[in-house]
Structures are given as C-alpha cells and as structure tokens.
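Colleague: Coordinates in entry-v7.cif, mmCIF, N, CA and C atoms, are listed below.
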```
data_protein
loop_
_atom_site.label_atom_id
_atom_site.label_comp_id
_atom_site.auth_asym_id
_atom_site.auth_seq_id
_atom_site.Cartn_x
_atom_site.Cartn_y
_atom_site.Cartn_z
N MET A 6 -90.52 -1.34 137.69
CA MET A 6 -89.24 -0.98 137.09
C MET A 6 -89.28 0.48 136.68
N HIS A 7 -88.21 1.14 136.94
CA HIS A 7 -88.09 2.56 136.59
C HIS A 7 -87.13 2.68 135.40
N ILE A 8 -87.60 3.29 134.33
CA ILE A 8 -86.77 3.50 133.14
C ILE A 8 -85.83 4.66 133.42
N ARG A 9 -84.55 4.44 133.25
CA ARG A 9 -83.56 5.50 133.49
C ARG A 9 -82.85 5.83 132.18
N LEU A 10 -82.66 7.10 131.97
CA LEU A 10 -81.93 7.58 130.80
C LEU A 10 -80.59 8.13 131.24
N SER A 11 -79.56 7.87 130.45
CA SER A 11 -78.27 8.47 130.76
C SER A 11 -78.40 9.99 130.59
N ASP A 12 -77.51 10.72 131.24
CA ASP A 12 -77.54 12.18 131.14
C ASP A 12 -77.42 12.64 129.69
N ASP A 13 -76.53 11.98 128.94
CA ASP A 13 -76.33 12.35 127.53
C ASP A 13 -77.59 12.09 126.70
N ARG A 14 -78.19 10.92 126.89
CA ARG A 14 -79.41 10.60 126.14
C ARG A 14 -80.54 11.53 126.52
N ARG A 15 -80.67 11.83 127.81
CA ARG A 15 -81.72 12.73 128.26
C ARG A 15 -81.56 14.11 127.63
N THR A 16 -80.33 14.61 127.61
CA THR A 16 -80.05 15.92 127.01
C THR A 16 -80.43 15.92 125.53
N ARG A 17 -80.03 14.87 124.80
CA ARG A 17 -80.37 14.80 123.38
C ARG A 17 -81.87 14.72 123.16
N LEU A 18 -82.57 13.94 123.98
CA LEU A 18 -84.02 13.83 123.84
C LEU A 18 -84.72 15.14 124.14
N LEU A 19 -84.23 15.87 125.11
CA LEU A 19 -84.82 17.17 125.42
C LEU A 19 -84.62 18.14 124.26
N GLU A 20 -83.43 18.12 123.66
CA GLU A 20 -83.17 18.97 122.49
C GLU A 20 -84.08 18.58 121.33
N HIS A 21 -84.23 17.29 121.09
CA HIS A 21 -85.07 16.82 119.98
C HIS A 21 -86.54 17.14 120.23
N THR A 22 -86.96 17.07 121.47
CA THR A 22 -88.35 17.40 121.81
C THR A 22 -88.63 18.87 121.50
N ALA A 23 -87.73 19.75 121.93
CA ALA A 23 -87.90 21.18 121.66
C ALA A 23 -87.88 21.46 120.16
N LEU A 24 -86.96 20.81 119.44
CA LEU A 24 -86.90 20.98 117.98
C LEU A 24 -88.17 20.48 117.30
N PHE A 25 -88.68 19.34 117.76
CA PHE A 25 -89.91 18.81 117.18
C PHE A 25 -91.06 19.80 117.33
N PHE A 26 -91.23 20.32 118.52
CA PHE A 26 -92.30 21.29 118.74
C PHE A 26 -92.13 22.52 117.86
N ASN A 27 -90.91 22.98 117.75
CA ASN A 27 -90.64 24.17 116.95
C ASN A 27 -90.86 23.89 115.46
N ASP A 28 -90.29 22.80 114.96
CA ASP A 28 -90.35 22.50 113.52
C ASP A 28 -91.72 21.99 113.07
N GLU A 29 -92.31 21.11 113.84
CA GLU A 29 -93.54 20.45 113.41
C GLU A 29 -94.81 21.17 113.85
N LEU A 30 -94.74 21.84 114.98
CA LEU A 30 -95.94 22.46 115.54
C LEU A 30 -95.87 23.98 115.60
N ASP A 31 -94.76 24.53 115.10
CA ASP A 31 -94.56 25.98 115.16
C ASP A 31 -94.84 26.54 116.55
N GLN A 32 -94.30 25.85 117.53
CA GLN A 32 -94.52 26.27 118.91
C GLN A 32 -93.22 26.06 119.69
N GLU A 33 -92.80 27.09 120.36
CA GLU A 33 -91.61 26.97 121.20
C GLU A 33 -92.02 26.52 122.58
N ILE A 34 -91.23 25.60 123.14
CA ILE A 34 -91.48 25.19 124.52
C ILE A 34 -90.22 25.44 125.34
N SER A 35 -90.42 25.70 126.59
CA SER A 35 -89.29 25.97 127.49
C SER A 35 -88.59 24.67 127.84
N PRO A 36 -87.36 24.76 128.33
CA PRO A 36 -86.67 23.55 128.80
C PRO A 36 -87.48 22.81 129.87
N PHE A 37 -88.14 23.56 130.74
CA PHE A 37 -88.98 22.94 131.78
C PHE A 37 -90.13 22.15 131.15
N GLN A 38 -90.77 22.72 130.14
CA GLN A 38 -91.87 22.03 129.47
C GLN A 38 -91.37 20.78 128.74
N ALA A 39 -90.21 20.89 128.12
CA ALA A 39 -89.63 19.74 127.43
C ALA A 39 -89.33 18.63 128.43
N GLU A 40 -88.81 18.99 129.61
CA GLU A 40 -88.53 17.99 130.64
C GLU A 40 -89.79 17.31 131.12
N ARG A 41 -90.82 18.10 131.36
CA ARG A 41 -92.10 17.52 131.82
C ARG A 41 -92.67 16.57 130.78
N LEU A 42 -92.60 16.97 129.52
CA LEU A 42 -93.10 16.13 128.44
C LEU A 42 -92.30 14.83 128.32
N LEU A 43 -90.98 14.95 128.36
CA LEU A 43 -90.13 13.76 128.29
C LEU A 43 -90.41 12.83 129.47
N ASP A 44 -90.51 13.37 130.67
CA ASP A 44 -90.81 12.54 131.84
C ASP A 44 -92.14 11.82 131.69
N PHE A 45 -93.13 12.52 131.17
CA PHE A 45 -94.44 11.91 130.95
C PHE A 45 -94.35 10.74 129.99
N PHE A 46 -93.69 10.94 128.85
CA PHE A 46 -93.62 9.88 127.85
C PHE A 46 -92.77 8.70 128.32
N VAL A 47 -91.70 8.98 129.02
CA VAL A 47 -90.88 7.88 129.55
C VAL A 47 -91.70 7.06 130.55
N LYS A 48 -92.44 7.75 131.40
CA LYS A 48 -93.26 7.06 132.40
C LYS A 48 -94.39 6.27 131.76
N GLU A 49 -95.05 6.86 130.77
CA GLU A 49 -96.22 6.22 130.17
C GLU A 49 -95.86 5.21 129.07
N LEU A 50 -94.84 5.51 128.29
CA LEU A 50 -94.49 4.63 127.16
C LEU A 50 -93.34 3.68 127.46
N GLY A 51 -92.48 4.06 128.40
CA GLY A 51 -91.31 3.24 128.69
C GLY A 51 -91.64 1.79 129.04
N PRO A 52 -92.46 1.55 130.07
CA PRO A 52 -92.75 0.17 130.46
C PRO A 52 -93.42 -0.67 129.37
N PRO A 53 -94.46 -0.17 128.67
CA PRO A 53 -95.05 -1.02 127.64
C PRO A 53 -94.09 -1.31 126.49
N VAL A 54 -93.29 -0.34 126.09
CA VAL A 54 -92.32 -0.57 125.01
C VAL A 54 -91.26 -1.56 125.47
N TYR A 55 -90.78 -1.40 126.70
CA TYR A 55 -89.80 -2.32 127.27
C TYR A 55 -90.37 -3.74 127.32
N ASN A 56 -91.58 -3.87 127.83
CA ASN A 56 -92.21 -5.19 127.92
C ASN A 56 -92.40 -5.83 126.55
N GLN A 57 -92.77 -5.03 125.57
CA GLN A 57 -92.93 -5.57 124.22
C GLN A 57 -91.59 -6.03 123.66
N ALA A 58 -90.54 -5.28 123.93
CA ALA A 58 -89.20 -5.68 123.47
C ALA A 58 -88.79 -7.00 124.11
N ILE A 59 -89.10 -7.18 125.39
CA ILE A 59 -88.79 -8.44 126.07
C ILE A 59 -89.57 -9.59 125.43
N GLN A 60 -90.85 -9.37 125.15
CA GLN A 60 -91.65 -10.41 124.51
C GLN A 60 -91.11 -10.75 123.12
N ASP A 61 -90.73 -9.74 122.36
CA ASP A 61 -90.17 -9.97 121.02
C ASP A 61 -88.87 -10.76 121.11
N ALA A 62 -88.01 -10.40 122.06
CA ALA A 62 -86.74 -11.11 122.23
C ALA A 62 -86.99 -12.54 122.67
N ARG A 63 -87.93 -12.74 123.58
CA ARG A 63 -88.27 -14.09 124.03
C ARG A 63 -88.75 -14.94 122.86
N GLY A 64 -89.63 -14.38 122.04
CA GLY A 64 -90.13 -15.12 120.88
C GLY A 64 -89.02 -15.48 119.90
N PHE A 65 -88.11 -14.55 119.67
CA PHE A 65 -87.00 -14.80 118.77
C PHE A 65 -86.11 -15.93 119.30
N VAL A 66 -85.73 -15.83 120.58
CA VAL A 66 -84.86 -16.86 121.17
C VAL A 66 -85.58 -18.20 121.20
N GLN A 67 -86.86 -18.19 121.54
CA GLN A 67 -87.61 -19.43 121.61
C GLN A 67 -87.70 -20.09 120.24
N SER A 68 -87.90 -19.31 119.19
CA SER A 68 -87.96 -19.91 117.84
C SER A 68 -86.63 -20.53 117.46
N LYS A 69 -85.53 -19.91 117.87
CA LYS A 69 -84.20 -20.48 117.59
C LYS A 69 -83.98 -21.75 118.39
N LEU A 70 -84.43 -21.77 119.65
CA LEU A 70 -84.27 -22.96 120.48
C LEU A 70 -85.11 -24.13 119.99
N GLU A 71 -86.29 -23.84 119.45
CA GLU A 71 -87.16 -24.90 118.95
C GLU A 71 -86.51 -25.65 117.79
N ASP A 72 -85.70 -24.96 117.01
CA ASP A 72 -85.05 -25.60 115.88
C ASP A 72 -83.57 -25.87 116.15
N LEU A 73 -83.22 -25.96 117.42
CA LEU A 73 -81.83 -26.17 117.80
C LEU A 73 -81.28 -27.46 117.22
N GLU A 74 -82.05 -28.52 117.31
CA GLU A 74 -81.59 -29.80 116.78
C GLU A 74 -81.43 -29.74 115.27
N GLY A 75 -82.34 -29.10 114.59
CA GLY A 75 -82.24 -28.97 113.13
C GLY A 75 -81.04 -28.14 112.70
N GLU A 76 -80.71 -27.17 113.51
CA GLU A 76 -79.57 -26.30 113.19
C GLU A 76 -78.23 -26.94 113.49
N PHE A 77 -78.17 -27.72 114.57
CA PHE A 77 -76.87 -28.19 115.03
C PHE A 77 -76.75 -29.70 115.15
N TYR A 78 -77.69 -30.43 114.63
CA TYR A 78 -77.65 -31.89 114.74
C TYR A 78 -76.46 -32.43 113.96
N GLU A 79 -75.73 -33.29 114.60
CA GLU A 79 -74.59 -33.93 113.96
C GLU A 79 -74.90 -35.42 113.85
N PRO A 80 -75.07 -35.92 112.61
CA PRO A 80 -75.41 -37.35 112.48
C PRO A 80 -74.28 -38.23 113.02
N LEU A 81 -74.70 -39.33 113.61
CA LEU A 81 -73.73 -40.29 114.13
C LEU A 81 -73.21 -41.16 113.00
N GLU A 82 -71.95 -41.44 113.05
CA GLU A 82 -71.39 -42.33 112.06
C GLU A 82 -71.45 -43.75 112.60
N ASP A 83 -71.88 -44.67 111.76
CA ASP A 83 -71.97 -46.08 112.18
C ASP A 83 -70.69 -46.81 111.91
#
```
Rewrite the structure of this file - the entire thing - as structure tokens.

Modeller:
Amino acid sequence: MHIRLSDDRRTRLLEHTALFFNDELDQEISPFQAERLLDFFVKELGPPVYNQAIQDARGFVQSKLEDLEGEFYEPLED
C-alpha cells in the first residue's frame, strides 16, 4: 500500500517540517530537503502507523461486538 497525501496536506507538512528545523534545531532546510525528509518519513512511518490504526480500530469494534447482546438485548415478554 502506498500512503498518499493530498496536495494541501503535503504543502502544510512541508511548511511545518521547515519550521520545525528552524525553530527547534536552528537549522534552515531547503524545500527540496523538506520534501526528501517528508517522503522518507511517510515511506518509513506511514505503513506501521496505518497498520497500528487498523489494529486499534479492529480491537475497538471487536470489543463492541462481543458485548452486542448485553448492549441491545431485548427481553421477551411472556
């Protein structure tokens, strides 16, 4: 799976990356360097973070399904 960023999100992330380097590391980076860095992190961190989010969502839904009867059981009237 290839992680894709919208143009708007990519632009904002590139701006934030450059600001982070400037503010936190007192180092200016070029737009090219910011793009390379962003591409690296998306490639390296994107899939594991995505997979973890899927696992977390699966666990959440599964816990809700396990208690489905307790949540929605309607007693029968005799």

Colleague: For this file, the PyMOL selection byres (((chain A and resi 8 and name CA) around 8) and name CA) selects which residues, as a PyMOL selection string?

Modeller: chain A and resi 6-7+9-10+47-48+51-52

Colleague: For Leu43 of chain A, which residue among A:Lys69, A:Asp13, A:Asp83, A:Ala23 is the nearest when counting only C-alpha atoms?

Modeller: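 Closest candidate: A:Ala23.
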
Colleague: Got a sec: who's within 12 Å of Thr22 of chain A, counting only C-alpha atoms, leaving out chain neighbours fewer than 6 positions off, as a PDB file with N, CA and C atoms, in the coordinates of the input?

Modeller:
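Wrote part_0.pdb, looks like this:
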```
ATOM      1  N   ARG A  15     -80.670  11.830 127.810  1.00  0.00           N
ATOM      2  CA  ARG A  15     -81.720  12.730 128.260  1.00  0.00           C
ATOM      3  C   ARG A  15     -81.560  14.110 127.630  1.00  0.00           C
ATOM      4  N   THR A  16     -80.330  14.610 127.610  1.00  0.00           N
ATOM      5  CA  THR A  16     -80.050  15.920 127.010  1.00  0.00           C
ATOM      6  C   THR A  16     -80.430  15.920 125.530  1.00  0.00           C
ATOM      7  N   ASP A  28     -90.290  22.800 114.960  1.00  0.00           N
ATOM      8  CA  ASP A  28     -90.350  22.500 113.520  1.00  0.00           C
ATOM      9  C   ASP A  28     -91.720  21.990 113.070  1.00  0.00           C
ATOM     10  N   GLU A  29     -92.310  21.110 113.840  1.00  0.00           N
ATOM     11  CA  GLU A  29     -93.540  20.450 113.410  1.00  0.00           C
ATOM     12  C   GLU A  29     -94.810  21.170 113.850  1.00  0.00           C
ATOM     13  N   LEU A  30     -94.740  21.840 114.980  1.00  0.00           N
ATOM     14  CA  LEU A  30     -95.940  22.460 115.540  1.00  0.00           C
ATOM     15  C   LEU A  30     -95.870  23.980 115.600  1.00  0.00           C
ATOM     16  N   GLN A  32     -94.300  25.850 117.530  1.00  0.00           N
ATOM     17  CA  GLN A  32     -94.520  26.270 118.910  1.00  0.00           C
ATOM     18  C   GLN A  32     -93.220  26.060 119.690  1.00  0.00           C
ATOM     19  N   GLU A  33     -92.800  27.090 120.360  1.00  0.00           N
ATOM     20  CA  GLU A  33     -91.610  26.970 121.200  1.00  0.00           C
ATOM     21  C   GLU A  33     -92.020  26.520 122.580  1.00  0.00           C
ATOM     22  N   ILE A  34     -91.230  25.600 123.140  1.00  0.00           N
ATOM     23  CA  ILE A  34     -91.480  25.190 124.520  1.00  0.00           C
ATOM     24  C   ILE A  34     -90.220  25.440 125.340  1.00  0.00           C
ATOM     25  N   SER A  35     -90.420  25.700 126.590  1.00  0.00           N
ATOM     26  CA  SER A  35     -89.290  25.970 127.490  1.00  0.00           C
ATOM     27  C   SER A  35     -88.590  24.670 127.840  1.00  0.00           C
ATOM     28  N   PRO A  36     -87.360  24.760 128.330  1.00  0.00           N
ATOM     29  CA  PRO A  36     -86.670  23.550 128.800  1.00  0.00           C
ATOM     30  C   PRO A  36     -87.480  22.810 129.870  1.00  0.00           C
ATOM     31  N   PHE A  37     -88.140  23.560 130.740  1.00  0.00           N
ATOM     32  CA  PHE A  37     -88.980  22.940 131.780  1.00  0.00           C
ATOM     33  C   PHE A  37     -90.130  22.150 131.150  1.00  0.00           C
ATOM     34  N   GLN A  38     -90.770  22.720 130.140  1.00  0.00           N
ATOM     35  CA  GLN A  38     -91.870  22.030 129.470  1.00  0.00           C
ATOM     36  C   GLN A  38     -91.370  20.780 128.740  1.00  0.00           C
ATOM     37  N   ALA A  39     -90.210  20.890 128.120  1.00  0.00           N
ATOM     38  CA  ALA A  39     -89.630  19.740 127.430  1.00  0.00           C
ATOM     39  C   ALA A  39     -89.330  18.630 128.430  1.00  0.00           C
ATOM     40  N   GLU A  40     -88.810  18.990 129.610  1.00  0.00           N
ATOM     41  CA  GLU A  40     -88.530  17.990 130.640  1.00  0.00           C
ATOM     42  C   GLU A  40     -89.790  17.310 131.120  1.00  0.00           C
ATOM     43  N   ARG A  41     -90.820  18.100 131.360  1.00  0.00           N
ATOM     44  CA  ARG A  41     -92.100  17.520 131.820  1.00  0.00           C
ATOM     45  C   ARG A  41     -92.670  16.570 130.780  1.00  0.00           C
ATOM     46  N   LEU A  42     -92.600  16.970 129.520  1.00  0.00           N
ATOM     47  CA  LEU A  42     -93.100  16.130 128.440  1.00  0.00           C
ATOM     48  C   LEU A  42     -92.300  14.830 128.320  1.00  0.00           C
ATOM     49  N   LEU A  43     -90.980  14.950 128.360  1.00  0.00           N
ATOM     50  CA  LEU A  43     -90.130  13.760 128.290  1.00  0.00           C
ATOM     51  C   LEU A  43     -90.410  12.830 129.470  1.00  0.00           C
ATOM     52  N   ASP A  44     -90.510  13.370 130.670  1.00  0.00           N
ATOM     53  CA  ASP A  44     -90.810  12.540 131.840  1.00  0.00           C
ATOM     54  C   ASP A  44     -92.140  11.820 131.690  1.00  0.00           C
ATOM     55  N   PHE A  46     -93.690  10.940 128.850  1.00  0.00           N
ATOM     56  CA  PHE A  46     -93.620   9.880 127.850  1.00  0.00           C
ATOM     57  C   PHE A  46     -92.770   8.700 128.320  1.00  0.00           C
TER      58      PHE A  46
END
```

Colleague: Please measure the separation of atom CA of Val66 of chain A and atom CA of Pro53 of chain A, giving the value in Å to one decimal.

Modeller: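 Going from atom CA of Val66 of chain A over to atom CA of Pro53 of chain A, I get 19.9 Å.
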
Colleague: Please, what distance in Å, to one decimal, runs between atom CA of Ser11 of chain A and atom CA of Gln57 of chain A?

Modeller: 21.3 Å

Colleague: Could you work out how far atom CA of Phe25 of chain A lies from atom CA of Asn56 of chain A, giving the answer in Å with one decimal?

Modeller: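 Going from atom CA of Asn56 of chain A over to atom CA of Phe25 of chain A covers 26.4 Å.
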
Colleague: With 4 Å added on each side, what axis-aligned box encloses every listed atom of segment 22-34 of chain A? Give the centre and edge lengths in Å to one decimal, as lines of an AutoDock Vina configuration file.

Modeller:
```
center_x = -91.4
center_y = 22.1
center_z = 119.2
size_x = 17.0
size_y = 18.0
size_z = 20.3
```

Colleague: Could you pull out the residues in chain A that DSSP calls alpha helix (DSSP H) from the backbone, as a PyMOL selection string?

Modeller: chain A and resi 12-30+36-71+73-77
